[in-house]
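Everything on this sheet refers to the single structure shown next.
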Amino acid sequence: MNRLPYEFYHRPCDQVARDLVGKVIVRGDIRLRISETEVYWGENDTACHAHKGRTKRTEVLYAPAGTIYVYLCYGIHWLLNIVTGEENDPQAVLIRACREAPGPGKLTKMLGITGEYNRKSILETPDFRIEDDGFRCEIIPDRRVGIGYASEEDQARLWRFKIKKVSD
């Protein structure tokens with residue numbers, strides 16, 4: 001299998017998030033099928049870390065498409081995001097779950113992903129990539145979760161994408 005190219009990530013995050021569902025995350029011998037993603041779209045999205053602008057922490061969101069953004073949530077779980085779109089336009093897709101790891105903290109633990117991957121490129125990291133193996137599925141949009149701090153409008157957005165069922 002081949003890793004997804006730069007052009008795949010160099011699109012608006014809602015398109016990338018939808019299209020990542022069903023793809024395979026590969027780290028070494030571990031292969032996990034992505035079953036859920038979530039969109040975080042720039043400074044106008046009150047759920048996005050870049051909402052308050054460029055900081056040392058959020059600088060990675062302004063990087064080129066395909067840059068990995070890993071951060072520690074609640075001081076416990078590493079969460080994996082991939083930067084999308086145009087450089088200097090902060091947006092990213094959170095990989096929320098895989099079939100074999102139902103939760104963002106579980107999947108990073110299973111893959112051994114920590115902060116050491118922050119700011120690396122999913123396009124160039126030798127032991128870590130996302131592939132398309134031809135799997136197709138029905139995808140349903142839903143509200144994002146765990147963003148009670150965001151505006152009601154941003155909480156209501158259907159920016160979470162998940163597998164509904166496998167196509168024949």
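Scheme for the structure tokens: letters A, B, ... for chains in order shown; per-chain residue numbers from 1; ligand numbers from 1 in order shown.
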
Worksheet item: Leaving out Leu80 (chain A) and any residue of its chain fewer than 5 positions from it, which residues lie within 9 Å of it when counting only C-alpha atoms, given as an MDAnalysis selection string?
Response: chainID A and resid 68:71 93:96 104:105 107:108 113:114 118

Fill in: Shell around Arg144 (chain A) at 8 Å using only C-alpha atoms, local window under 2 positions removed, as JSON, numbers by chain
{"A": [38, 142, 146, 147, 155, 156, 157, 158, 159, 160]}

Worksheet item: Can you tell me, as a ChimeraX atom specification, what residues are no more than 8 Å from region 30-36 of chain A when counting only C-alpha atoms, ignoring any on the same chain fewer than 2 positions away?
Response: /A:20-28,38,95-101,111,160-163

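For the set A:Lys106, A:Lys52, A:Arg18, A:Lys120, the residue with the smallest atom-to-atom gap to Gly66 (chain A) is A:Lys120, counting only C-alpha atoms.
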
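For the pair CA of Glu87 (chain A) and CA of Cys13 (chain A), the interatomic distance is 12.4 Å.
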
Practice prompt. Check region 100-166 of chain A with DSSP on the backbone and list each residue it calls strand (DSSP E), as a PyMOL selection string.
Written response: chain A and resi 128-131+137-142+160-166

Practice prompt. List every residue of chain A that DSSP, applied to the backbone of this structure, places in helix (DSSP H, G or I), and write the result as a ChimeraX atom specification.
Written response: /A:6-9,13-20,49-52,58-62,104-111,115-117,152-156

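Remark: for Ile139 (chain A), the closest of the candidate residues A:Gly85, A:Asp14, A:Lys164, A:Gly112 is A:Lys164 (distances computed over only C-alpha atoms).
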
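Of note, CA of His10 (chain A) and CA of Pro64 (chain A) are spaced 8.1 Å apart.
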
Discussion item. Set the distance at 8 Å and use only C-alpha atoms: which residues neighbour Asp154 (chain A) once local chain neighbours fewer than 3 positions away are removed? I'd like the list as a ChimeraX atom specification.
Written reply: /A:45-47,150-151,157

Item to complete: May I ask which of the residues A:Val145, A:Ile122, A:Cys48, A:Cys137 is the closest one to Gln91 (chain A), counting only C-alpha atoms?
Response: A:Cys48

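As for CA of Leu61 (chain A) and CA of Pro90 (chain A), they are spaced 4.7 Å apart.
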
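Closest approach to Val39 (chain A) from the set A:Ala92, A:Asn81, A:Glu138, A:Ile130 is made by A:Ala92, with distances taken over only C-alpha atoms.
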
Write out as a JSON list (two decimals) with N, CA and C atoms, in the first residue's frame each polymer residue whose atoms come within 10 Å of Leu123 (chain A), counting only C-alpha atoms; drop sequence neighbours fewer than 3 positions from it.
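Okay, around18.json is ready:
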[["chain", "number", "residue", "atom", "x", "y", "z"],
["A", 3, "ARG", "N", 1.26, 5.38, 1.02],
["A", 3, "ARG", "CA", 0.74, 6.39, 1.94],
["A", 3, "ARG", "C", -0.05, 7.43, 1.15],
["A", 4, "LEU", "N", -1.02, 8.05, 1.82],
["A", 4, "LEU", "CA", -1.80, 9.10, 1.18],
["A", 4, "LEU", "C", -0.87, 10.27, 0.86],
["A", 5, "PRO", "N", -1.04, 10.89, -0.31],
["A", 5, "PRO", "CA", -0.14, 11.97, -0.73],
["A", 5, "PRO", "C", -0.52, 13.32, -0.14],
["A", 6, "TYR", "N", 0.38, 14.26, -0.32],
["A", 6, "TYR", "CA", 0.17, 15.64, 0.13],
["A", 6, "TYR", "C", -1.17, 16.19, -0.36],
["A", 9, "TYR", "N", -4.29, 15.73, 1.83],
["A", 9, "TYR", "CA", -4.41, 16.59, 3.02],
["A", 9, "TYR", "C", -4.54, 18.07, 2.67],
["A", 65, "ALA", "N", -0.01, 21.24, 5.15],
["A", 65, "ALA", "CA", -0.89, 20.07, 5.21],
["A", 65, "ALA", "C", -0.04, 18.80, 5.36],
["A", 66, "GLY", "N", -0.54, 17.89, 6.18],
["A", 66, "GLY", "CA", 0.17, 16.64, 6.43],
["A", 66, "GLY", "C", 1.02, 16.67, 7.68],
["A", 67, "THR", "N", 1.10, 17.82, 8.34],
["A", 67, "THR", "CA", 1.84, 17.92, 9.59],
["A", 67, "THR", "C", 1.03, 17.26, 10.70],
["A", 68, "ILE", "N", 1.70, 16.54, 11.55],
["A", 68, "ILE", "CA", 1.06, 15.84, 12.68],
["A", 68, "ILE", "C", 0.98, 16.80, 13.87],
["A", 120, "LYS", "N", 5.88, 16.45, 13.25],
["A", 120, "LYS", "CA", 6.45, 15.62, 12.18],
["A", 120, "LYS", "C", 5.46, 15.59, 11.03],
["A", 126, "PRO", "N", 9.02, 7.71, 8.56],
["A", 126, "PRO", "CA", 9.23, 6.36, 8.02],
["A", 126, "PRO", "C", 8.34, 5.27, 8.62],
["A", 128, "PHE", "N", 5.36, 5.62, 10.20],
["A", 128, "PHE", "CA", 3.99, 6.04, 10.50],
["A", 128, "PHE", "C", 3.37, 6.66, 9.26],
["A", 129, "ARG", "N", 2.19, 6.13, 8.86],
["A", 129, "ARG", "CA", 1.54, 6.64, 7.65],
["A", 129, "ARG", "C", 0.05, 6.30, 7.68],
["A", 130, "ILE", "N", -0.69, 6.88, 6.74],
["A", 130, "ILE", "CA", -2.09, 6.53, 6.53],
["A", 130, "ILE", "C", -2.22, 6.08, 5.08]]
